[in-house]
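Below is one structure, written out as structure tokens, with a few remarks after it.
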Amino acid sequence: MPKILVTRRTFPEAAEKLRASGAEVVIWDGADSPTHDDLVAAVADVDGLYAHITNAVDAEVMDAAPNLKVITEFGVGYDNVDVAAANARGIAVCNTPGVLSESTADEAFALLAAMARRTYDLPQIVKRGEWGDFDPLGYLATDIHHKTLGIVGMGRIGSEVAKRAAGFNMNVLYFNRNRRDEEFGATYVDSLGELLERSDFVSLHNPLNAETTGMMGAAQFKLMKKSAVLINTTRGPVVDQDALYDALSSGEIAGAALDVTVPEPLPADNPLLTLDNCLIMPHVASATGDTRMKMAMMCVENVLAGVAGDWPPYCVNQAEISGNARIKAQGSVRSQRSP
Ligand code: 8YV
């Protein structure tokens with residue numbers, strides 16, 4: 001009987017489906033995520049690991065789990081999993097692409113709108129009883145329509161942001177490793193610098209990797225307009241937070257809205273939280289009931305396929321491990337679904 005470890009609580013439907021497979025299912029029931037040591041100890045006899053962003057699934061974890069065949073990440077980003085280490089051990093790594101693109105784009109757009117139309121700060125004035133007499137020059141905001149949005153990373157989520165921006169009559173630029181065939185009304189620019197110089201809003205949708213770590217630093221903030229706003233719903237380390245603090249407090253840029261930070265959770269005494277032009281959300285872009293349920297069910301599909309020795313439907317390293325697989329791909333290999 002295969003054993004599956006789920007490192008955080010999940011939806012009852014997902015737990016039921018895991019248990020109905022006949023696998024032994026252990027759902028971590030700590031109030032907090034397992035520490036790294038907890039995880040290393042908990043995976044000893046595990047065949048399938050259903051992991052979350054708070055777990056660093058590294059070589060040490062994999063070596064502590066000699067039976068491990070599959071790791072499924074609850075999310076599209078899997079930068080917390082050492083994929084090279086998994087490749088070397090023939091372990092399938094999976095994620096949940098597609099289902100969260102629109103929810104994430106919705107949130108990115110909500111952040112953009114909140115910064116532009118000040119729905120994040122003006123309600124506080126009303127609550128404090130400080131809503132003063134009508135003033136034609138008071139409480140001025142920024143238009144969204146006819147402003148320029150620069151999208152960095154035109155993948156599934158970036159494309160959804162572009163579609164939303166089109167509905168708001170924005171001009172949309174994008175910078176991506178490759179020019180896209182389908183551009184969703186956006187205009188390709190071939191350098192990040194040009195995008196930063198021309199945009200009123202910059203929204204980050206590139207994955208976190210060695211190349212994108214610290215991608216937005218002091219030099220990049222200098223290129224941005226003083227009136228520009230940065231939106232980050234991808235991963236905290238893409239932005240150099242010290243440089244962001246300097247740029248926001250010196251007026252180098254007008255504002256920032258972050259769904260992701262370093263660290264997470266962000267301690268209440270972080271200097272960014274002292275700034276009036278910085279809105280911070282607790283990493284919730286995919287956090288709607290419907291989307292999180294779909295993500296959980298995709299993780300269930302991934303992990304059940306993997307422990308059964310079949311290719312998981314949302315495997316990110318199938319090509320890399322197919323010659324060296326703990327997964328034997330019994331029967332017909334499932335086709336990769338396009339996300
Ligand atoms: C997840 C995310 O909810 O998919 C991602 O990459 O950032 C979110 O959708 C988050 O990773 C928590 O697991």
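Chain identifiers are assigned as A, B, and so on, following the order in which chains appear in the structure tokens; residues are numbered from 1 within each chain, and ligands are numbered from 1 in order of appearance.
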Near-Gly214 (chain A) list (7 Å; only C-alpha atoms; drop same-chain fewer than 6 positions) as a ChimeraX atom specification: /A:237-240
The selected residues should be written to file as a PDB file, in the first residue's frame (atoms: all heavy atoms).
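This went into selection.pdb:
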```pdb
ATOM      1  N   PRO A 237      11.383  37.124  -4.058  1.00  0.00           N
ATOM      2  CA  PRO A 237      12.798  37.378  -4.373  1.00  0.00           C
ATOM      3  C   PRO A 237      13.047  38.006  -5.750  1.00  0.00           C
ATOM      4  O   PRO A 237      14.172  38.398  -6.043  1.00  0.00           O
ATOM      5  CB  PRO A 237      13.429  35.969  -4.302  1.00  0.00           C
ATOM      6  CG  PRO A 237      12.517  35.179  -3.426  1.00  0.00           C
ATOM      7  CD  PRO A 237      11.141  35.705  -3.695  1.00  0.00           C
ATOM      8  N   VAL A 238      12.027  38.113  -6.586  1.00  0.00           N
ATOM      9  CA  VAL A 238      12.206  38.798  -7.880  1.00  0.00           C
ATOM     10  C   VAL A 238      12.492  40.286  -7.638  1.00  0.00           C
ATOM     11  O   VAL A 238      13.124  40.965  -8.453  1.00  0.00           O
ATOM     12  CB  VAL A 238      10.957  38.594  -8.770  1.00  0.00           C
ATOM     13  CG1 VAL A 238      11.028  39.414 -10.040  1.00  0.00           C
ATOM     14  CG2 VAL A 238      10.790  37.110  -9.113  1.00  0.00           C
ATOM     15  N   VAL A 239      12.031  40.790  -6.497  1.00  0.00           N
ATOM     16  CA  VAL A 239      12.207  42.213  -6.178  1.00  0.00           C
ATOM     17  C   VAL A 239      13.223  42.355  -5.043  1.00  0.00           C
ATOM     18  O   VAL A 239      13.136  41.663  -4.028  1.00  0.00           O
ATOM     19  CB  VAL A 239      10.850  42.828  -5.750  1.00  0.00           C
ATOM     20  CG1 VAL A 239      11.022  44.259  -5.273  1.00  0.00           C
ATOM     21  CG2 VAL A 239       9.857  42.760  -6.911  1.00  0.00           C
ATOM     22  N   ASP A 240      14.168  43.261  -5.224  1.00  0.00           N
ATOM     23  CA  ASP A 240      15.101  43.607  -4.151  1.00  0.00           C
ATOM     24  C   ASP A 240      14.349  44.558  -3.217  1.00  0.00           C
ATOM     25  O   ASP A 240      14.120  45.723  -3.538  1.00  0.00           O
ATOM     26  CB  ASP A 240      16.336  44.274  -4.776  1.00  0.00           C
ATOM     27  CG  ASP A 240      17.301  44.820  -3.734  1.00  0.00           C
ATOM     28  OD1 ASP A 240      16.899  45.008  -2.567  1.00  0.00           O
ATOM     29  OD2 ASP A 240      18.456  45.084  -4.106  1.00  0.00           O
TER      30      ASP A 240
END
```
Given only C-alpha atoms and all ligand atoms, how would the per-residue table for chain A near ligand 1 read, listing every residue at most 6 Å away with its closest atom pair and distance in Å to one decimal, sorted by chain and number, as a tab-separated table?
```
residue	atom	partner	partner_atom_place_in_ligand_line	distance
A:His52	CA	ligand 1	13 (O)	4.8
A:Ile53	CA	ligand 1	13 (O)	4.5
A:Phe74	CA	ligand 1	13 (O)	4.9
A:Gly75	CA	ligand 1	4 (O)	3.1
A:Val76	CA	ligand 1	4 (O)	3.8
A:Gly77	CA	ligand 1	6 (O)	3.5
A:Ser286	CA	ligand 1	9 (O)	4.3
```
Could you please take those selected residues and save all heavy atoms as a PDB file, in the first residue's frame?
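Wrote it out as part07.pdb, contents follow:
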```pdb
ATOM      1  N   HIS A  52       3.740  21.964  -0.271  1.00  0.00           N
ATOM      2  CA  HIS A  52       3.283  23.357  -0.345  1.00  0.00           C
ATOM      3  C   HIS A  52       4.474  24.300  -0.329  1.00  0.00           C
ATOM      4  O   HIS A  52       5.597  23.882  -0.028  1.00  0.00           O
ATOM      5  CB  HIS A  52       2.332  23.657   0.827  1.00  0.00           C
ATOM      6  CG  HIS A  52       1.090  22.819   0.802  1.00  0.00           C
ATOM      7  ND1 HIS A  52       1.091  21.521   1.272  1.00  0.00           N
ATOM      8  CD2 HIS A  52      -0.144  23.069   0.322  1.00  0.00           C
ATOM      9  CE1 HIS A  52      -0.129  21.014   1.091  1.00  0.00           C
ATOM     10  NE2 HIS A  52      -0.897  21.924   0.516  1.00  0.00           N
ATOM     11  N   ILE A  53       4.184  25.555  -0.583  1.00  0.00           N
ATOM     12  CA  ILE A  53       5.240  26.553  -0.759  1.00  0.00           C
ATOM     13  C   ILE A  53       6.167  26.669   0.451  1.00  0.00           C
ATOM     14  O   ILE A  53       7.329  27.033   0.313  1.00  0.00           O
ATOM     15  CB  ILE A  53       4.610  27.920  -1.100  1.00  0.00           C
ATOM     16  CG1 ILE A  53       5.667  28.875  -1.611  1.00  0.00           C
ATOM     17  CG2 ILE A  53       3.820  28.490   0.060  1.00  0.00           C
ATOM     18  CD1 ILE A  53       5.092  30.104  -2.278  1.00  0.00           C
ATOM     19  N   PHE A  74       1.476  22.234  -4.576  1.00  0.00           N
ATOM     20  CA  PHE A  74       0.170  22.913  -4.583  1.00  0.00           C
ATOM     21  C   PHE A  74       0.411  24.340  -5.074  1.00  0.00           C
ATOM     22  O   PHE A  74       0.610  25.264  -4.301  1.00  0.00           O
ATOM     23  CB  PHE A  74      -0.389  22.889  -3.166  1.00  0.00           C
ATOM     24  CG  PHE A  74      -1.733  23.540  -2.994  1.00  0.00           C
ATOM     25  CD1 PHE A  74      -2.890  22.906  -3.410  1.00  0.00           C
ATOM     26  CD2 PHE A  74      -1.853  24.777  -2.366  1.00  0.00           C
ATOM     27  CE1 PHE A  74      -4.132  23.498  -3.217  1.00  0.00           C
ATOM     28  CE2 PHE A  74      -3.084  25.385  -2.166  1.00  0.00           C
ATOM     29  CZ  PHE A  74      -4.223  24.729  -2.602  1.00  0.00           C
ATOM     30  N   GLY A  75       0.444  24.513  -6.386  1.00  0.00           N
ATOM     31  CA  GLY A  75       0.723  25.826  -6.959  1.00  0.00           C
ATOM     32  C   GLY A  75       1.344  25.627  -8.325  1.00  0.00           C
ATOM     33  O   GLY A  75       1.753  24.513  -8.678  1.00  0.00           O
ATOM     34  N   VAL A  76       1.405  26.710  -9.085  1.00  0.00           N
ATOM     35  CA  VAL A  76       2.050  26.609 -10.390  1.00  0.00           C
ATOM     36  C   VAL A  76       3.554  26.808 -10.240  1.00  0.00           C
ATOM     37  O   VAL A  76       4.347  26.188 -10.946  1.00  0.00           O
ATOM     38  CB  VAL A  76       1.412  27.586 -11.410  1.00  0.00           C
ATOM     39  CG1 VAL A  76       1.672  29.043 -11.061  1.00  0.00           C
ATOM     40  CG2 VAL A  76       1.877  27.290 -12.818  1.00  0.00           C
ATOM     41  N   GLY A  77       3.956  27.658  -9.308  1.00  0.00           N
ATOM     42  CA  GLY A  77       5.385  27.882  -9.055  1.00  0.00           C
ATOM     43  C   GLY A  77       5.915  26.751  -8.195  1.00  0.00           C
ATOM     44  O   GLY A  77       5.287  26.371  -7.209  1.00  0.00           O
ATOM     45  N   SER A 286      -4.061  33.064  -5.605  1.00  0.00           N
ATOM     46  CA  SER A 286      -4.879  31.913  -6.039  1.00  0.00           C
ATOM     47  C   SER A 286      -5.953  31.557  -5.016  1.00  0.00           C
ATOM     48  O   SER A 286      -6.684  30.576  -5.207  1.00  0.00           O
ATOM     49  CB  SER A 286      -3.988  30.682  -6.263  1.00  0.00           C
ATOM     50  OG  SER A 286      -3.479  30.218  -5.025  1.00  0.00           O
TER      51      SER A 286
END
```
Would you pick out the contacts of Pro271 (chain A) at 10 Å or less, using only C-alpha atoms, so that residues sharing its chain but fewer than 2 positions from it are not included, and give the list as a list of chain:residue names?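 Final neighbour list, sorted by chain and number: A:Gln241, A:Asp242, A:Tyr245, A:Pro267, A:Ala268, A:Asp269, A:Leu273, A:Thr274, A:Leu275.
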Residues from last step as file, N, CA and C atoms, as a short mmCIF file (atom, residue, chain, number, x, y, z; two decimals), in the first residue's frame:
```
data_model
loop_
_atom_site.label_atom_id
_atom_site.label_comp_id
_atom_site.auth_asym_id
_atom_site.auth_seq_id
_atom_site.Cartn_x
_atom_site.Cartn_y
_atom_site.Cartn_z
N GLN A 241 13.94 44.04 -2.07
CA GLN A 241 13.04 44.81 -1.20
C GLN A 241 13.69 46.04 -0.58
N ASP A 242 15.01 45.98 -0.32
CA ASP A 242 15.68 47.17 0.23
C ASP A 242 15.66 48.29 -0.82
N TYR A 245 12.19 49.68 -1.02
CA TYR A 245 11.91 50.62 0.08
C TYR A 245 12.50 51.99 -0.25
N PRO A 267 7.21 40.03 8.63
CA PRO A 267 7.02 40.49 10.01
C PRO A 267 6.42 41.90 10.07
N ALA A 268 5.64 42.15 11.09
CA ALA A 268 4.92 43.43 11.21
C ALA A 268 5.87 44.61 11.31
N ASP A 269 7.13 44.37 11.69
CA ASP A 269 8.06 45.51 11.80
C ASP A 269 8.88 45.72 10.53
N LEU A 273 6.15 48.13 5.60
CA LEU A 273 4.81 48.32 6.18
C LEU A 273 4.63 49.69 6.80
N THR A 274 5.70 50.48 6.85
CA THR A 274 5.57 51.85 7.37
C THR A 274 5.20 52.83 6.25
N LEU A 275 5.22 52.36 5.02
CA LEU A 275 5.01 53.26 3.88
C LEU A 275 3.53 53.33 3.49
#
```
Run DSSP on the backbone and tell me which residues of region 104-313 of chain A come out as strand (DSSP E); list them as an NGL selection string. :A and (148-152 or 171-175 or 187-188 or 201-204 or 229-232 or 255-258 or 278-280)
Using only C-alpha atoms, which of the listed residues (A:Asp259, A:Asp58, A:Thr148, A:Gly153) sits closest to Glu197 (chain A)?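 Closest candidate: A:Thr148.
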Distance in Å - CA of Ala141 (chain A) versus CA of Gln124 (chain A): 15.1 Å
If you measure from CA of Arg8 (chain A) to CA of Ser33 (chain A), what distance in Å do you get, rounded to one decimal?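 These two atoms are separated by 6.4 Å.
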Excluding Asn169 (chain A) and any residue of its chain fewer than 2 positions from it, enumerate the residues within 10 Å of it, using only C-alpha atoms, and give them as a list in words.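 These residues fall inside the cut-off: Ile144, His145, His146, Lys147, Thr148, Arg164, Ala165, Ala166, Gly167, Asn171 and Val172 of chain A.
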Output of the above residues as a compact mmCIF listing (two decimals), in the first residue's frame, restricted to C-alpha atoms:
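Wrote again-v3.txt, looks like this:
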```txt
# COMPACT_ATOMS: atom_id res chain seq x y z
CA ILE A 144 -6.50 53.22 -15.39
CA HIS A 145 -7.90 53.72 -18.89
CA HIS A 146 -5.43 54.83 -21.53
CA LYS A 147 -2.48 54.27 -19.19
CA THR A 148 0.30 51.91 -20.13
CA ARG A 164 -8.22 42.30 -18.42
CA ALA A 165 -6.21 45.41 -19.30
CA ALA A 166 -7.74 45.43 -22.80
CA GLY A 167 -11.19 45.65 -21.22
CA ASN A 171 -2.16 50.23 -23.67
CA VAL A 172 -0.29 47.05 -22.93
```
Among A:Pro263, A:Gly236, A:Pro312, A:Gly138, Lys69 (chain A) is approached most closely, using only C-alpha atoms, by A:Pro312
Name all residues at most 9 Å from Ala42 (chain A) (count only C-alpha atoms; drop same-chain ones fewer than 6 positions away) and give them as a list in words. Leu5, Pro34, Ala64 and Ala65 of chain A
Would you return as a ChimeraX atom specification the members of region 111-317 of chain A that DSSP assigns to helix (DSSP H, G or I) on this structure's backbone? /A:111-117,122-127,156-167,192-198,218-223,236-238,241-250,271-274,289-307
Deliver the residues from the most recent selection as a file, using C-alpha atoms, as an mmCIF file, in the first residue's frame.
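Dumped to again_39.cif:
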```cif
data_model
loop_
_atom_site.group_PDB
_atom_site.id
_atom_site.type_symbol
_atom_site.label_atom_id
_atom_site.label_comp_id
_atom_site.auth_asym_id
_atom_site.auth_seq_id
_atom_site.Cartn_x
_atom_site.Cartn_y
_atom_site.Cartn_z
ATOM 1 C CA LEU A 111 -4.078 45.491 -6.884
ATOM 2 C CA LEU A 112 -3.488 47.709 -9.899
ATOM 3 C CA ALA A 113 -6.951 49.220 -9.549
ATOM 4 C CA ALA A 114 -6.575 49.664 -5.789
ATOM 5 C CA MET A 115 -3.362 51.609 -6.260
ATOM 6 C CA ALA A 116 -4.673 53.667 -9.161
ATOM 7 C CA ARG A 117 -8.073 54.552 -7.668
ATOM 8 C CA LEU A 122 -9.100 56.406 1.099
ATOM 9 C CA PRO A 123 -11.495 54.090 3.011
ATOM 10 C CA GLN A 124 -9.192 54.504 6.030
ATOM 11 C CA ILE A 125 -9.765 58.268 5.919
ATOM 12 C CA VAL A 126 -13.522 57.703 5.963
ATOM 13 C CA LYS A 127 -13.231 55.191 8.805
ATOM 14 C CA ARG A 156 -0.550 31.951 -18.834
ATOM 15 C CA ILE A 157 -1.019 34.495 -16.045
ATOM 16 C CA GLY A 158 0.490 37.451 -17.916
ATOM 17 C CA SER A 159 -1.843 36.756 -20.848
ATOM 18 C CA GLU A 160 -4.861 36.848 -18.563
ATOM 19 C CA VAL A 161 -3.699 40.187 -17.169
ATOM 20 C CA ALA A 162 -3.364 41.509 -20.734
ATOM 21 C CA LYS A 163 -6.961 40.466 -21.485
ATOM 22 C CA ARG A 164 -8.217 42.304 -18.417
ATOM 23 C CA ALA A 165 -6.214 45.410 -19.303
ATOM 24 C CA ALA A 166 -7.737 45.428 -22.799
ATOM 25 C CA GLY A 167 -11.189 45.645 -21.216
ATOM 26 C CA LEU A 192 12.975 45.072 -19.715
ATOM 27 C CA GLY A 193 14.471 48.563 -19.619
ATOM 28 C CA GLU A 194 12.218 49.833 -22.391
ATOM 29 C CA LEU A 195 9.168 48.336 -20.712
ATOM 30 C CA LEU A 196 10.086 49.998 -17.411
ATOM 31 C CA GLU A 197 10.666 53.391 -19.029
ATOM 32 C CA ARG A 198 7.348 53.401 -20.865
ATOM 33 C CA ALA A 218 17.758 50.087 -7.767
ATOM 34 C CA ALA A 219 18.779 50.413 -11.430
ATOM 35 C CA GLN A 220 15.364 49.192 -12.609
ATOM 36 C CA PHE A 221 13.433 51.489 -10.262
ATOM 37 C CA LYS A 222 15.460 54.415 -11.637
ATOM 38 C CA LEU A 223 14.260 53.563 -15.130
ATOM 39 C CA GLY A 236 9.120 37.898 -3.462
ATOM 40 C CA PRO A 237 12.798 37.378 -4.373
ATOM 41 C CA VAL A 238 12.206 38.798 -7.880
ATOM 42 C CA GLN A 241 13.039 44.815 -1.201
ATOM 43 C CA ASP A 242 15.678 47.175 0.226
ATOM 44 C CA ALA A 243 15.914 48.891 -3.149
ATOM 45 C CA LEU A 244 12.113 48.968 -3.327
ATOM 46 C CA TYR A 245 11.913 50.620 0.082
ATOM 47 C CA ASP A 246 14.397 53.275 -1.064
ATOM 48 C CA ALA A 247 12.533 53.820 -4.349
ATOM 49 C CA LEU A 248 9.170 54.167 -2.588
ATOM 50 C CA SER A 249 10.397 56.407 0.196
ATOM 51 C CA SER A 250 12.447 58.693 -2.056
ATOM 52 C CA PRO A 271 10.039 48.835 6.952
ATOM 53 C CA LEU A 272 7.822 48.411 3.864
ATOM 54 C CA LEU A 273 4.810 48.316 6.179
ATOM 55 C CA THR A 274 5.572 51.853 7.369
ATOM 56 C CA GLY A 289 -12.454 28.622 -2.771
ATOM 57 C CA ASP A 290 -13.055 27.397 -6.315
ATOM 58 C CA THR A 291 -9.464 27.741 -7.475
ATOM 59 C CA ARG A 292 -7.880 26.253 -4.372
ATOM 60 C CA MET A 293 -10.255 23.280 -4.684
ATOM 61 C CA LYS A 294 -9.195 22.743 -8.320
ATOM 62 C CA MET A 295 -5.537 22.993 -7.309
ATOM 63 C CA ALA A 296 -6.067 20.405 -4.575
ATOM 64 C CA MET A 297 -7.785 18.001 -6.995
ATOM 65 C CA MET A 298 -4.919 18.387 -9.487
ATOM 66 C CA CYS A 299 -2.455 17.563 -6.724
ATOM 67 C CA VAL A 300 -4.530 14.476 -5.930
ATOM 68 C CA GLU A 301 -4.438 13.398 -9.593
ATOM 69 C CA ASN A 302 -0.694 13.961 -9.729
ATOM 70 C CA VAL A 303 0.177 12.114 -6.585
ATOM 71 C CA LEU A 304 -2.179 9.164 -7.198
ATOM 72 C CA ALA A 305 -0.808 8.665 -10.709
ATOM 73 C CA GLY A 306 2.749 8.919 -9.427
ATOM 74 C CA VAL A 307 2.400 6.417 -6.597
#
```
Tell me, as a list in words, which residues lie within 7 Å of region 79-96 of chain A, counting only C-alpha atoms; anything in the same chain fewer than 5 positions away does not count.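 Listing them by chain and then by number gives Ile53, Asn55, Ala56, Val57, Asp58, Ala59, Leu68, Lys69, Val70, Ile71, Thr72, Glu73, Phe74, Leu208, Met295, Met298, Cys299, Asn302, Tyr314, Cys315, Val316, Asn317, Gln318, Glu320, Ile321, Asn324, Ala325 and Arg326 of chain A.
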A:Thr119, A:Val189, A:His205, A:Leu100 ranked by distance to Val284 (chain A), top pick (using only C-alpha atoms): A:Leu100
Do a neighbour search on Arg19 (chain A) at 12 Å with only C-alpha atoms, toss out local chain neighbours closer than 5 positions, and write the hits as a ChimeraX atom specification. /A:1-6,12-14,24-27,300,303-304
